[in-house]
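With compact mmCIF, C-alpha atoms and all ligand atoms inside, this is coords-v2.txt:
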# COMPACT_ATOMS: atom_id res chain seq x y z
CA MET A 275 -121.93 178.04 -77.58
CA ARG A 276 -125.38 178.89 -76.33
CA ALA A 277 -125.96 178.63 -72.61
CA THR A 278 -128.14 175.61 -71.88
CA GLY A 279 -130.60 177.91 -70.10
CA MET A 280 -131.52 179.36 -73.50
CA ILE A 281 -132.58 176.14 -75.19
CA GLY A 282 -136.10 174.71 -75.27
CA PRO A 283 -137.43 171.94 -73.01
CA ASP A 284 -137.10 169.14 -75.58
CA GLU A 285 -133.49 170.06 -76.26
CA ARG A 286 -132.77 170.23 -72.53
CA ILE A 287 -134.18 166.73 -72.09
CA ALA A 288 -132.08 165.49 -75.01
CA VAL A 289 -128.90 166.94 -73.45
CA VAL A 290 -129.70 165.39 -70.07
CA VAL A 291 -130.40 161.97 -71.63
CA ARG A 292 -127.20 162.05 -73.67
CA ARG A 293 -125.00 163.10 -70.78
CA LEU A 294 -126.50 160.56 -68.37
CA ARG A 295 -126.10 157.80 -70.93
CA GLU A 296 -122.46 158.72 -71.55
CA ALA A 297 -121.70 158.89 -67.84
CA SER A 298 -123.17 155.44 -67.36
CA GLU A 299 -121.40 153.91 -70.38
CA ARG A 300 -118.01 155.40 -69.45
CA ALA A 301 -118.50 154.86 -65.71
CA ARG A 302 -117.50 158.47 -65.14
CA PRO A 303 -119.60 160.79 -63.00
CA ILE A 304 -121.06 164.05 -64.24
CA VAL A 305 -119.34 166.98 -62.58
CA ASP A 306 -121.55 170.02 -62.07
CA ASP A 307 -119.83 172.79 -64.03
CA GLY A 308 -122.90 175.03 -64.09
CA THR A 309 -124.04 173.91 -67.57
CA TRP A 310 -126.47 171.20 -66.47
CA PRO A 311 -129.87 171.97 -68.02
CA ALA A 312 -132.54 172.57 -65.39
CA LEU A 313 -135.59 170.35 -65.78
CA ASP A 314 -138.82 170.43 -63.83
CA LEU A 315 -140.01 167.14 -62.34
CA ASP A 316 -142.33 166.26 -65.25
CA ALA A 317 -139.53 166.83 -67.76
CA ALA A 318 -137.17 164.79 -65.56
CA TYR A 319 -139.57 161.83 -65.71
CA ARG A 320 -139.68 162.22 -69.51
CA ALA A 321 -135.87 162.15 -69.59
CA GLN A 322 -135.91 158.99 -67.45
CA ALA A 323 -138.41 157.36 -69.80
CA GLU A 324 -136.22 158.18 -72.82
CA LEU A 325 -133.11 156.86 -71.11
CA VAL A 326 -134.82 153.56 -70.31
CA GLU A 327 -136.45 153.36 -73.75
CA ALA A 328 -132.96 153.59 -75.25
CA ARG A 329 -131.89 150.61 -73.11
CA ILE A 330 -134.96 148.70 -74.27
CA ALA A 331 -134.14 149.54 -77.89
CA ARG A 332 -130.74 147.92 -77.24
CA GLY A 333 -132.42 144.67 -76.15
CA GLU A 334 -133.16 145.04 -72.45
CA GLN A 335 -136.63 144.46 -71.06
CA GLN A 336 -138.40 146.24 -68.25
CA SER A 337 -138.44 143.86 -65.29
CA GLY A 338 -140.20 146.13 -62.81
CA LEU A 339 -140.37 149.46 -61.05
CA LYS A 340 -138.69 150.91 -57.98
CA LEU A 341 -139.63 153.47 -55.41
CA GLY A 342 -137.11 155.78 -53.81
CA PHE A 343 -136.96 158.00 -50.76
CA THR A 344 -139.76 156.12 -49.04
CA SER A 345 -137.87 156.21 -45.73
CA LEU A 346 -136.74 159.12 -43.60
CA ALA A 347 -133.27 157.53 -43.40
CA LYS A 348 -132.89 157.81 -47.19
CA MET A 349 -134.44 161.26 -47.44
CA GLU A 350 -132.08 162.57 -44.78
CA GLN A 351 -129.03 160.86 -46.28
CA MET A 352 -129.70 162.37 -49.72
CA GLY A 353 -131.24 165.70 -48.67
CA VAL A 354 -134.56 165.27 -50.46
CA SER A 355 -138.14 164.98 -49.24
CA GLU A 356 -140.32 163.43 -51.94
CA ILE A 357 -141.00 159.90 -53.09
CA ILE A 358 -139.71 159.11 -56.57
CA ALA A 359 -140.03 156.16 -58.94
CA GLY A 360 -137.76 154.53 -61.49
CA ARG A 361 -137.66 151.61 -63.89
CA LEU A 362 -135.79 148.31 -63.54
CA THR A 363 -134.59 146.21 -66.47
CA ASP A 364 -133.52 142.57 -66.74
CA ALA A 365 -129.92 143.70 -67.28
CA MET A 366 -129.90 145.08 -63.72
CA ALA A 367 -131.07 141.82 -62.14
CA VAL A 368 -128.50 139.71 -60.27
CA ALA A 369 -129.55 136.22 -59.19
CA ASP A 370 -129.78 135.48 -55.46
CA GLY A 371 -126.32 134.06 -54.69
CA GLY A 372 -124.97 135.52 -57.94
CA ILE A 373 -121.93 137.68 -58.66
CA LEU A 374 -121.85 141.42 -59.27
CA GLY A 375 -118.68 142.92 -60.74
CA LEU A 376 -117.79 146.47 -59.77
CA ALA A 377 -116.29 147.16 -63.21
CA GLY A 378 -118.54 149.55 -65.08
CA LEU A 379 -119.97 151.12 -61.93
CA ILE A 380 -118.96 154.58 -60.70
CA HIS A 381 -119.34 154.67 -56.91
CA PRO A 382 -121.99 152.10 -56.06
CA ARG A 383 -123.84 151.84 -52.78
CA VAL A 384 -126.05 149.05 -51.54
CA GLU A 385 -129.27 149.23 -49.54
CA PRO A 386 -131.66 146.70 -48.02
CA GLU A 387 -135.13 146.57 -49.49
CA ILE A 388 -138.19 144.43 -49.81
CA CYS A 389 -139.65 143.56 -53.17
CA PHE A 390 -143.19 142.86 -54.32
CA ARG A 391 -144.18 140.55 -57.18
CA VAL A 392 -146.97 141.58 -59.51
CA ALA A 393 -149.14 138.64 -60.56
CA ARG A 394 -150.94 140.31 -63.47
CA ASP A 395 -150.89 143.42 -65.60
CA VAL A 396 -152.09 146.44 -63.68
CA ASP A 397 -153.18 149.83 -64.94
CA LEU A 398 -151.68 152.28 -62.45
CA ALA A 399 -154.49 154.73 -63.23
CA ASP A 400 -156.90 152.28 -61.56
CA GLY A 401 -155.59 153.48 -58.21
CA PRO A 402 -153.77 152.25 -55.10
CA GLU A 403 -156.01 149.30 -54.25
CA ALA A 404 -155.75 147.95 -57.81
CA VAL A 405 -151.96 147.89 -57.41
CA LEU A 406 -152.25 146.08 -54.07
CA ASP A 407 -154.72 143.59 -55.55
CA ALA A 408 -152.29 142.72 -58.34
CA VAL A 409 -149.45 141.85 -55.93
CA ASP A 410 -149.22 138.24 -54.77
CA ALA A 411 -145.81 137.82 -53.15
CA VAL A 412 -143.03 139.57 -51.26
CA ALA A 413 -139.31 138.86 -50.88
CA PRO A 414 -136.19 140.27 -49.23
CA ALA A 415 -134.15 142.30 -51.71
CA LEU A 416 -131.11 144.46 -52.06
CA GLU A 417 -130.56 147.34 -54.41
CA VAL A 418 -127.28 148.66 -55.77
CA ILE A 419 -127.55 152.35 -56.60
CA ASP A 420 -124.91 154.22 -58.58
CA SER A 421 -125.69 157.89 -59.14
CA ARG A 422 -124.31 159.20 -62.40
CA TYR A 423 -123.66 162.53 -60.61
CA ASP A 424 -120.39 163.23 -58.87
CA GLY A 425 -120.60 162.61 -55.13
CA PHE A 426 -124.27 161.46 -55.39
CA SER A 427 -125.00 165.17 -55.44
CA PHE A 428 -128.40 165.91 -56.97
CA ASP A 429 -131.78 167.54 -56.55
CA LEU A 430 -135.06 165.74 -57.18
CA PRO A 431 -135.29 166.33 -60.97
CA ARG A 432 -131.67 165.26 -61.43
CA VAL A 433 -132.05 161.97 -59.59
CA VAL A 434 -135.36 161.27 -61.33
CA ALA A 435 -133.79 161.83 -64.77
CA ASP A 436 -130.97 159.48 -63.71
CA ASN A 437 -133.55 156.69 -63.31
CA THR A 438 -133.34 157.12 -59.51
CA SER A 439 -129.69 155.95 -59.49
CA ALA A 440 -130.79 152.40 -60.45
CA ALA A 441 -127.89 150.06 -61.22
CA ALA A 442 -128.55 146.50 -60.00
CA TYR A 443 -130.82 144.53 -57.71
CA ALA A 444 -131.25 141.04 -56.31
CA VAL A 445 -134.38 139.39 -54.95
CA GLY A 446 -134.60 136.44 -52.52
CA SER A 447 -137.27 133.75 -52.28
CA TRP A 448 -140.92 134.76 -52.56
CA SER A 449 -143.42 134.40 -49.73
CA PRO A 450 -147.17 134.87 -50.16
CA LEU A 451 -148.10 138.47 -49.45
CA GLY A 452 -148.91 138.97 -45.77
CA THR A 453 -147.96 141.50 -43.14
CA VAL A 454 -144.86 143.37 -44.20
CA ALA A 455 -144.83 146.08 -41.53
CA GLY A 456 -142.63 145.88 -38.45
CA LEU A 457 -140.10 143.37 -39.79
CA ALA A 458 -136.48 143.71 -38.67
CA VAL A 459 -134.02 144.32 -41.53
CA ARG A 460 -130.30 143.70 -41.35
CA MET A 461 -127.59 144.05 -44.00
CA HIS A 462 -124.22 142.29 -43.60
CA VAL A 463 -120.98 142.49 -45.54
CA ASP A 464 -118.77 139.45 -44.97
CA GLY A 465 -120.78 138.69 -41.85
CA VAL A 466 -120.46 142.15 -40.30
CA VAL A 467 -123.67 144.15 -39.80
CA VAL A 468 -123.44 147.39 -41.84
CA ALA A 469 -127.05 148.59 -41.62
CA GLU A 470 -129.98 147.78 -39.41
CA GLY A 471 -133.58 148.91 -39.43
CA ASP A 472 -137.18 147.94 -39.69
CA THR A 473 -139.70 147.79 -42.54
CA ASP A 474 -141.79 150.33 -40.59
CA ALA A 475 -139.16 152.81 -41.77
CA ILE A 476 -140.73 152.51 -45.24
CA LEU A 477 -143.64 154.95 -44.88
CA GLY A 478 -144.82 153.19 -41.70
CA ASP A 479 -145.83 150.19 -43.84
CA PRO A 480 -144.25 149.13 -47.18
CA LEU A 481 -147.77 148.48 -48.53
CA ASP A 482 -148.25 152.25 -48.43
CA ALA A 483 -145.20 152.61 -50.68
CA LEU A 484 -146.91 150.27 -53.10
CA ARG A 485 -150.09 152.35 -52.90
CA ARG A 486 -148.13 155.51 -53.65
CA LEU A 487 -146.89 153.95 -56.90
CA ALA A 488 -150.37 154.27 -58.42
CA GLY A 489 -150.63 158.07 -58.56
CA LEU A 490 -146.95 158.65 -59.25
CA GLY A 491 -146.78 155.97 -61.93
CA ALA A 492 -149.99 156.98 -63.67
CA ARG A 493 -148.92 160.61 -63.80
CA HIS A 494 -145.57 159.81 -65.37
CA GLY A 495 -146.56 157.03 -67.78
CA PHE A 496 -145.17 154.01 -65.96
CA VAL A 497 -146.44 150.56 -66.91
CA LEU A 498 -146.44 147.45 -64.75
CA HIS A 499 -146.94 143.96 -66.12
CA GLY A 500 -147.61 140.55 -64.61
CA GLY A 501 -144.37 138.87 -63.52
CA GLN A 502 -142.64 142.17 -62.85
CA VAL A 503 -141.41 143.36 -59.47
CA VAL A 504 -141.58 146.54 -57.39
CA LEU A 505 -138.80 147.56 -55.02
CA ALA A 506 -140.37 149.42 -52.10
CA GLY A 507 -137.38 151.65 -51.29
CA ALA A 508 -134.59 151.24 -48.77
CA ALA A 509 -135.36 150.81 -45.09
CA THR A 510 -131.97 152.25 -44.06
CA ALA A 511 -129.35 154.61 -45.45
CA ALA A 512 -127.22 153.14 -48.27
CA VAL A 513 -123.68 151.85 -47.67
CA ALA A 514 -120.67 152.06 -50.04
CA LEU A 515 -120.36 148.79 -51.96
CA ARG A 516 -117.04 146.94 -51.76
CA PRO A 517 -115.91 143.45 -52.76
CA GLY A 518 -117.32 140.82 -50.41
CA ARG A 519 -120.53 138.97 -49.69
CA VAL A 520 -123.51 141.26 -49.13
CA ARG A 521 -126.43 139.63 -47.38
CA VAL A 522 -129.76 141.18 -46.48
CA GLU A 523 -131.96 139.51 -43.93
CA VAL A 524 -135.61 140.44 -43.41
CA GLU A 525 -137.47 138.96 -40.45
CA THR A 526 -139.84 136.15 -41.54
CA LEU A 527 -139.04 136.69 -45.25
CA GLY A 528 -135.52 135.26 -45.23
CA THR A 529 -132.34 136.40 -46.91
CA VAL A 530 -130.84 137.44 -50.24
CA ALA A 531 -127.12 137.61 -50.97
CA ILE A 532 -124.69 138.53 -53.74
CA ASP A 533 -120.93 138.22 -54.10
CA VAL A 534 -119.35 141.49 -55.11
CA VAL A 535 -116.06 141.21 -57.02
CA ALA A 536 -113.63 143.87 -58.20
CA GLY A 537 -113.64 143.08 -61.94
CA PRO A 538 -116.45 142.23 -64.34
CA ALA A 539 -119.01 139.62 -63.25
CA SER A 540 -117.84 136.27 -64.64
C1 LIG B 601 -131.64 157.53 -55.19
C2 LIG B 601 -132.31 156.19 -55.07
C3 LIG B 601 -133.19 156.07 -53.84
C4 LIG B 601 -134.24 154.32 -52.30
O1 LIG B 601 -134.41 153.12 -52.06
O2 LIG B 601 -134.60 155.20 -51.51
C5 LIG B 601 -133.59 154.67 -53.59
C6 LIG B 601 -130.34 157.61 -54.43
O3 LIG B 601 -130.33 157.51 -53.19
O4 LIG B 601 -129.31 157.83 -55.09
O5 LIG B 601 -133.38 153.77 -54.38
MG MG B 602 -133.51 151.79 -53.45

I'd like the structure from this file rewritten - as structure tokens, please.
Amino acid sequence: MRATGMIGPDERIAVVVRRLREASERARPIVDDGTWPALDLDAAYRAQAELVEARIARGEQQSGLKLGFTSLAKMEQMGVSEIIAGRLTDAMAVADGGILGLAGLIHPRVEPEICFRVARDVDLADGPEAVLDAVDAVAPALEVIDSRYDGFSFDLPRVVADNTSAAAYAVGSWSPLGTVAGLAVRMHVDGVVVAEGDTDAILGDPLDALRRLAGLGARHGFVLHGGQVVLAGAATAAVALRPGRVRVEVETLGTVAIDVVAGPAS
């Protein structure tokens, strides 16, 4: 067998896409045995796009975009230092108050977020203010991440190719877009506080996360349509997800909750 270092970039992307897809379908993490093909960041975004396009070919629809590593807490927890972006699909969406089954997930974690709603199609190449202009509402949210790599152990290209660990998300009630900086954030499991922070942790102001989506998204071919959402990135470190009621509370915006069960969602 040829060493993966010897194959061309397109083949490396194909290997990465296939292995990530298998890991996700079998709910078994990828163990680093030294054969993982190295991708640069541009190639990693191409792998992510192919992975999500394959989901769309199977009937899913893009429901939005997500930002990652927009807070120091997340960067420090995962040992990375750059903002990344991923794609959300309707199959990842859990209704507020809905049930999420742990079956099919590898080692999920949950994190508190806020979410923006996009009122109309926006061309990310039009720049940061065009993205802001297209957003009309904000809501409390939670994201379930589930790295397809063993132990959540990755570098930036690996986590980007893995669609930024995206697995599931839930969004609470929408409020008209207003000030989103300086809001207290609290995440509870069965009534016990498991993470606490502030929306200032998201780049000083979550609107700046939204602004950052323009350049990043335009460079890597992301599209954003009216009715879709943008997760701004976690305000705190992520917490291992276990059965129970997870509730995220964001000052002035309200709450969002899901019931996590051991088996498949009913
Ligand atoms: C990558 C996803 C990061 C966030 O909100 O910062 C992310 C990971 O931590 O596995 O979603
Ligand atoms: Mg997140």

Around (-140.3, 136.4, -54.6), as given in the file, which residues come within 8 Å? Count all atoms listed in the file and list them as a list in words.
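Answer for this query, in the requested form: Cys389, Phe390, Arg391, Ala411, Val412, Ala413, Pro414, Val445, Gly446, Ser447, Trp448 and Ser449 of chain A.
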
With all atoms listed in the file as the atoms that count, which of A:Val409, A:Ala365, A:Ala415, A:Ala511 lies nearest to Gln336 (chain A)?
A:Ala365

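Candidate residues A:Asn437, A:Glu385, A:Gly425, A:Val522 were compared for distance to Arg329 (chain A), and the nearest is A:Asn437, using only C-alpha atoms.
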
Residue nearest Ala317 (chain A) among A:Arg519, A:Arg286, A:His381, A:His499 (counting all atoms listed in the file)
A:Arg286

Who sits within 12 Å of Pro311 (chain A), only C-alpha atoms, same chain under 5 positions skipped, as number ranges by chain:
A: 276-294, 306, 317-318, 321, 431-432, 435

Within 8 Å of ligand LIG 601 (chain B), counting all atoms listed in the file, which protein or nucleic acid residues do you find, written as a PyMOL selection string?
chain A and resi 340-345+348-349+351-352+358+385+387+417+419-421+426+433+438-440+505-509+512
